Amino acid sequence: MPISTTSDPDHGLEDLLRELTPQVLGAVVRWSGDFVAAEDAVQEALLAAATTWPRDGRPDKPKAWLIQTASRRLIDEVRQEQARRRREERAALREVPGGETEEHDDTLRLLFMCCHPALTPASAIALTLRAVGGLTTAEIATAYLVPEATMAQRISRAKQKLKGASFELDADPDRLRNVLHVLYLMFNEGYTSTSGPELHRSDLSSEAIRLTRAVRAQLSDDGQVAGLLALMLLTDARRAARTGASGELIPLAEQDRSLWNHDHITEGVALAVEAFNTPPLGEYQIQAAIAALHDEVDRAEDTDWPQILALYGLFEDLSGNPMVKLNRAIAAAMVDGPDAGLKLLEPLDEELAGHYRLDATRGHLHEMRGDHETAAEHFRAAARGTTSLPERDYLMTKAASLT
């Protein structure tokens, strides 16, 4: 939906349109009740703005101009189709959204709508990136390494499923949990791509942070929202140190911490403390507290592993997620030795059968024990299981270094 940078040299205009797009789309969806038609109309309004504003000057109220233009285009479309006469009559009776919408931001409603429980997480992420994040279908397809036509079909099916869905801001616990989960998945895919040649997709992780900030601005008293934003900031703070000059992966213990984003860390730690003290305690608050313990120290050897182990125990009791159990085993190895960690991994052979992270963790723990041959075997098995090229190269390098 945003205007392409290749066709619009006015980056100030492009930034403005990108910022206003979800607000305008949200207002038109709320007014019309038709997500698909509203998106088409807003697209035409954005193109009209990109063409006329540089020539005629920007209107005093750009958002209202876009909403009115899109709404009128939508009415024109209705009037041109005889099969939709009843909808034309309803639309003609409604007042076109005007000046009062300048102070009304529907971005959060649009985000919650895109995260509707009827959609799969993959479809919800794609639709959120398209409608709220402003990414083009081609950009989203590139991020997930699928053909553009495939992604277009996925987004189209998602929009069709939302036809007739309520546009009210439904911030009940179940819907909010779904929104936060979509944002969490979006951030994780950007921070560590599950496949392809790049370790990061910073556009995805940055967009997830931006959208979480928007949720936080509206739900400032919610500990889970604060915890998720803190977790994202504290994790993203390490991004510059995660890869070397050739793009190779650098594990946390070996990173140059002077490259970390200390503004993110300061903000993230403050949010993590606030979130942890805001009941009820949930998974994002606990993960943020763990991330803060990693980021607060200048040297890896000063990490408070006993406290991290205790937090992972709390997290495991709360979620039962096998990945949490795996991370708890790593923390146990750092506190009580590699044998303790390996023992905790044994029950995961069924839950995480064939998962490369289980082999990678066993490789690290056997390396800690000094059993380099067994460690190398696990690293090679993990390399065969991952679809991320940087992770595969790192694991193969580890195996080679041990043999």
# chains A, B, ... in the order shown; residues from 1 in each chain; ligands from 1
$ residues_around --residues "Arg357 (chain A)" --least-positions-apart "6" --cutoff "10 Å" --atoms "only C-alpha atoms" --output "ChimeraX atom specification"
/A:323,326,363,378-379,381-383,385-386
$ residues_around --residues "Ser258 (chain A)" --least-positions-apart "6" --cutoff "10 Å" --atoms "only C-alpha atoms" --output "VMD selection string"
chain A and resid 238 240 to 241 298
$ write_last_selection --atoms "all heavy atoms" --output "PDB file, in the first residue's frame"
ATOM      1  N   ARG A 238      20.829  -6.415  20.620  1.00  0.00           N
ATOM      2  CA  ARG A 238      22.049  -7.183  20.312  1.00  0.00           C
ATOM      3  C   ARG A 238      22.275  -7.383  18.813  1.00  0.00           C
ATOM      4  O   ARG A 238      23.253  -8.006  18.416  1.00  0.00           O
ATOM      5  CB  ARG A 238      21.961  -8.566  20.969  1.00  0.00           C
ATOM      6  CG  ARG A 238      21.563  -8.557  22.431  1.00  0.00           C
ATOM      7  CD  ARG A 238      21.309  -9.974  22.937  1.00  0.00           C
ATOM      8  NE  ARG A 238      20.524  -9.970  24.172  1.00  0.00           N
ATOM      9  CZ  ARG A 238      19.644 -10.894  24.487  1.00  0.00           C
ATOM     10  NH1 ARG A 238      19.423 -11.917  23.669  1.00  0.00           N
ATOM     11  NH2 ARG A 238      18.967 -10.829  25.626  1.00  0.00           N
ATOM     12  N   ALA A 240      23.301  -5.768  16.146  1.00  0.00           N
ATOM     13  CA  ALA A 240      24.518  -5.375  15.442  1.00  0.00           C
ATOM     14  C   ALA A 240      25.702  -6.280  15.752  1.00  0.00           C
ATOM     15  O   ALA A 240      26.664  -6.347  14.975  1.00  0.00           O
ATOM     16  CB  ALA A 240      24.876  -3.926  15.785  1.00  0.00           C
ATOM     17  N   ALA A 241      25.648  -6.979  16.889  1.00  0.00           N
ATOM     18  CA  ALA A 241      26.771  -7.827  17.301  1.00  0.00           C
ATOM     19  C   ALA A 241      26.555  -9.294  16.969  1.00  0.00           C
ATOM     20  O   ALA A 241      27.426 -10.121  17.236  1.00  0.00           O
ATOM     21  CB  ALA A 241      27.001  -7.674  18.805  1.00  0.00           C
ATOM     22  N   ASP A 298      28.255  -6.383  31.438  1.00  0.00           N
ATOM     23  CA  ASP A 298      29.208  -6.039  30.388  1.00  0.00           C
ATOM     24  C   ASP A 298      29.989  -7.241  29.883  1.00  0.00           C
ATOM     25  O   ASP A 298      30.579  -7.191  28.810  1.00  0.00           O
ATOM     26  CB  ASP A 298      30.194  -4.971  30.895  1.00  0.00           C
ATOM     27  CG  ASP A 298      29.503  -3.651  31.202  1.00  0.00           C
ATOM     28  OD1 ASP A 298      28.509  -3.346  30.510  1.00  0.00           O
ATOM     29  OD2 ASP A 298      29.947  -2.948  32.125  1.00  0.00           O
TER      30      ASP A 298
END
$ select_by_dssp --residues "region 242-338 of chain A" --states "alpha helix (DSSP H)" --output "count of residues only"
59
$ residues_around --residues "Thr137 (chain A)" --least-positions-apart "3" --cutoff "7 Å" --atoms "only C-alpha atoms" --output "list in words"
Arg130, Ile140, Ala141, Glu148, Met151 and Ala152 of chain A
$ write_last_selection --atoms "N, CA and C atoms" --output "mmCIF file, in the first residue's frame"
data_model
loop_
_atom_site.group_PDB
_atom_site.id
_atom_site.type_symbol
_atom_site.label_atom_id
_atom_site.label_comp_id
_atom_site.auth_asym_id
_atom_site.auth_seq_id
_atom_site.Cartn_x
_atom_site.Cartn_y
_atom_site.Cartn_z
ATOM 1 N N ARG A 130 0.701 -6.152 5.774
ATOM 2 C CA ARG A 130 0.165 -5.476 4.589
ATOM 3 C C ARG A 130 -0.689 -4.270 4.965
ATOM 4 N N ILE A 140 6.527 -8.688 1.590
ATOM 5 C CA ILE A 140 6.154 -9.744 2.529
ATOM 6 C C ILE A 140 6.536 -11.105 1.959
ATOM 7 N N ALA A 141 6.296 -11.292 0.656
ATOM 8 C CA ALA A 141 6.661 -12.556 0.012
ATOM 9 C C ALA A 141 8.160 -12.800 0.091
ATOM 10 N N GLU A 148 5.358 -14.136 -4.940
ATOM 11 C CA GLU A 148 4.451 -13.030 -4.659
ATOM 12 C C GLU A 148 2.999 -13.440 -4.865
ATOM 13 N N MET A 151 1.723 -15.297 -1.831
ATOM 14 C CA MET A 151 1.438 -14.399 -0.711
ATOM 15 C C MET A 151 0.191 -13.576 -0.983
ATOM 16 N N ALA A 152 -0.004 -13.151 -2.235
ATOM 17 C CA ALA A 152 -1.203 -12.379 -2.579
ATOM 18 C C ALA A 152 -2.465 -13.201 -2.325
#
$ residues_around --residues "Arg216 (chain A)" --least-positions-apart "3" --cutoff "10 Å" --atoms "only C-alpha atoms" --output "mmCIF file with all heavy atoms, in the first residue's frame"
data_model
loop_
_atom_site.group_PDB
_atom_site.id
_atom_site.type_symbol
_atom_site.label_atom_id
_atom_site.label_comp_id
_atom_site.auth_asym_id
_atom_site.auth_seq_id
_atom_site.Cartn_x
_atom_site.Cartn_y
_atom_site.Cartn_z
ATOM 1 N N ARG A 210 7.420 -1.315 16.320
ATOM 2 C CA ARG A 210 6.581 -0.125 16.114
ATOM 3 C C ARG A 210 5.126 -0.415 16.463
ATOM 4 O O ARG A 210 4.456 0.364 17.158
ATOM 5 C CB ARG A 210 6.689 0.352 14.669
ATOM 6 C CG ARG A 210 5.959 1.674 14.400
ATOM 7 C CD ARG A 210 5.994 2.048 12.938
ATOM 8 N NE ARG A 210 5.059 1.260 12.153
ATOM 9 C CZ ARG A 210 3.757 1.521 12.046
ATOM 10 N NH1 ARG A 210 3.227 2.544 12.707
ATOM 11 N NH2 ARG A 210 2.978 0.776 11.298
ATOM 12 N N LEU A 211 4.623 -1.554 16.007
ATOM 13 C CA LEU A 211 3.232 -1.895 16.260
ATOM 14 C C LEU A 211 2.997 -2.195 17.743
ATOM 15 O O LEU A 211 1.942 -1.859 18.298
ATOM 16 C CB LEU A 211 2.824 -3.091 15.407
ATOM 17 C CG LEU A 211 2.797 -2.834 13.897
ATOM 18 C CD1 LEU A 211 2.496 -4.116 13.144
ATOM 19 C CD2 LEU A 211 1.782 -1.755 13.544
ATOM 20 N N THR A 212 3.966 -2.824 18.393
ATOM 21 C CA THR A 212 3.824 -3.093 19.822
ATOM 22 C C THR A 212 3.823 -1.791 20.606
ATOM 23 O O THR A 212 3.105 -1.660 21.612
ATOM 24 C CB THR A 212 4.951 -4.023 20.306
ATOM 25 O OG1 THR A 212 4.982 -5.200 19.489
ATOM 26 C CG2 THR A 212 4.734 -4.441 21.757
ATOM 27 N N ARG A 213 4.605 -0.825 20.168
ATOM 28 C CA ARG A 213 4.557 0.500 20.805
ATOM 29 C C ARG A 213 3.154 1.100 20.670
ATOM 30 O O ARG A 213 2.660 1.760 21.596
ATOM 31 C CB ARG A 213 5.584 1.435 20.164
ATOM 32 C CG ARG A 213 7.021 1.191 20.568
ATOM 33 C CD ARG A 213 7.893 2.360 20.115
ATOM 34 N NE ARG A 213 9.306 2.121 20.299
ATOM 35 C CZ ARG A 213 9.952 2.257 21.455
ATOM 36 N NH1 ARG A 213 9.273 2.625 22.535
ATOM 37 N NH2 ARG A 213 11.252 2.040 21.533
ATOM 38 N N LEU A 219 -2.752 0.687 25.723
ATOM 39 C CA LEU A 219 -2.964 -0.216 26.859
ATOM 40 C C LEU A 219 -1.761 -0.129 27.793
ATOM 41 O O LEU A 219 -1.066 -1.109 28.046
ATOM 42 C CB LEU A 219 -3.171 -1.651 26.364
ATOM 43 C CG LEU A 219 -4.329 -1.863 25.380
ATOM 44 C CD1 LEU A 219 -4.315 -3.289 24.837
ATOM 45 C CD2 LEU A 219 -5.667 -1.558 26.040
ATOM 46 N N SER A 220 -1.526 1.062 28.304
ATOM 47 C CA SER A 220 -0.299 1.331 29.057
ATOM 48 C C SER A 220 -0.245 0.615 30.396
ATOM 49 O O SER A 220 0.842 0.491 30.981
ATOM 50 C CB SER A 220 -0.151 2.842 29.281
ATOM 51 O OG SER A 220 -1.282 3.358 29.968
ATOM 52 N N ASP A 221 -1.374 0.135 30.896
ATOM 53 C CA ASP A 221 -1.387 -0.527 32.205
ATOM 54 C C ASP A 221 -1.260 -2.044 32.100
ATOM 55 O O ASP A 221 -1.281 -2.726 33.129
ATOM 56 C CB ASP A 221 -2.681 -0.181 32.954
ATOM 57 C CG ASP A 221 -2.772 1.293 33.288
ATOM 58 O OD1 ASP A 221 -1.702 1.916 33.450
ATOM 59 O OD2 ASP A 221 -3.894 1.816 33.367
ATOM 60 N N ASP A 222 -1.153 -2.572 30.896
ATOM 61 C CA ASP A 222 -1.112 -4.019 30.715
ATOM 62 C C ASP A 222 0.321 -4.532 30.820
ATOM 63 O O ASP A 222 1.190 -4.145 30.046
ATOM 64 C CB ASP A 222 -1.713 -4.398 29.355
ATOM 65 C CG ASP A 222 -1.959 -5.885 29.238
ATOM 66 O OD1 ASP A 222 -0.974 -6.638 29.067
ATOM 67 O OD2 ASP A 222 -3.117 -6.306 29.323
ATOM 68 N N GLY A 223 0.571 -5.426 31.782
ATOM 69 C CA GLY A 223 1.923 -5.926 32.005
ATOM 70 C C GLY A 223 2.443 -6.788 30.870
ATOM 71 O O GLY A 223 3.640 -6.772 30.567
ATOM 72 N N GLN A 224 1.559 -7.553 30.216
ATOM 73 C CA GLN A 224 1.997 -8.396 29.111
ATOM 74 C C GLN A 224 2.452 -7.558 27.918
ATOM 75 O O GLN A 224 3.429 -7.877 27.247
ATOM 76 C CB GLN A 224 0.873 -9.341 28.682
ATOM 77 C CG GLN A 224 0.707 -10.538 29.590
ATOM 78 C CD GLN A 224 1.799 -11.579 29.368
ATOM 79 O OE1 GLN A 224 2.936 -11.409 29.804
ATOM 80 N NE2 GLN A 224 1.459 -12.650 28.691
ATOM 81 N N VAL A 225 1.740 -6.475 27.633
ATOM 82 C CA VAL A 225 2.127 -5.585 26.536
ATOM 83 C C VAL A 225 3.482 -4.955 26.833
ATOM 84 O O VAL A 225 4.381 -4.917 25.976
ATOM 85 C CB VAL A 225 1.060 -4.498 26.299
ATOM 86 C CG1 VAL A 225 1.514 -3.539 25.208
ATOM 87 C CG2 VAL A 225 -0.274 -5.131 25.921
ATOM 88 N N ALA A 226 3.643 -4.451 28.061
ATOM 89 C CA ALA A 226 4.925 -3.860 28.455
ATOM 90 C C ALA A 226 6.037 -4.899 28.394
ATOM 91 O O ALA A 226 7.156 -4.618 27.946
ATOM 92 C CB ALA A 226 4.827 -3.265 29.860
ATOM 93 N N GLY A 227 5.732 -6.124 28.833
ATOM 94 C CA GLY A 227 6.732 -7.183 28.804
ATOM 95 C C GLY A 227 7.156 -7.534 27.392
ATOM 96 O O GLY A 227 8.345 -7.746 27.131
ATOM 97 N N LEU A 228 6.200 -7.602 26.466
ATOM 98 C CA LEU A 228 6.543 -7.935 25.078
ATOM 99 C C LEU A 228 7.405 -6.837 24.460
ATOM 100 O O LEU A 228 8.402 -7.133 23.781
ATOM 101 C CB LEU A 228 5.275 -8.129 24.250
ATOM 102 C CG LEU A 228 5.511 -8.465 22.776
ATOM 103 C CD1 LEU A 228 6.345 -9.727 22.619
ATOM 104 C CD2 LEU A 228 4.180 -8.610 22.036
ATOM 105 N N LEU A 229 7.048 -5.574 24.701
ATOM 106 C CA LEU A 229 7.859 -4.492 24.159
ATOM 107 C C LEU A 229 9.262 -4.515 24.757
ATOM 108 O O LEU A 229 10.262 -4.341 24.047
ATOM 109 C CB LEU A 229 7.190 -3.139 24.432
ATOM 110 C CG LEU A 229 7.939 -1.903 23.921
ATOM 111 C CD1 LEU A 229 8.204 -1.996 22.422
ATOM 112 C CD2 LEU A 229 7.159 -0.628 24.249
#
$ residues_around --residues "region 337-347 of chain A" --least-positions-apart "6" --cutoff "7 Å" --atoms "only C-alpha atoms" --output "list in words"
Leu326, Ala329, Ile330, Arg362, Leu365, Met368 and Arg369 of chain A
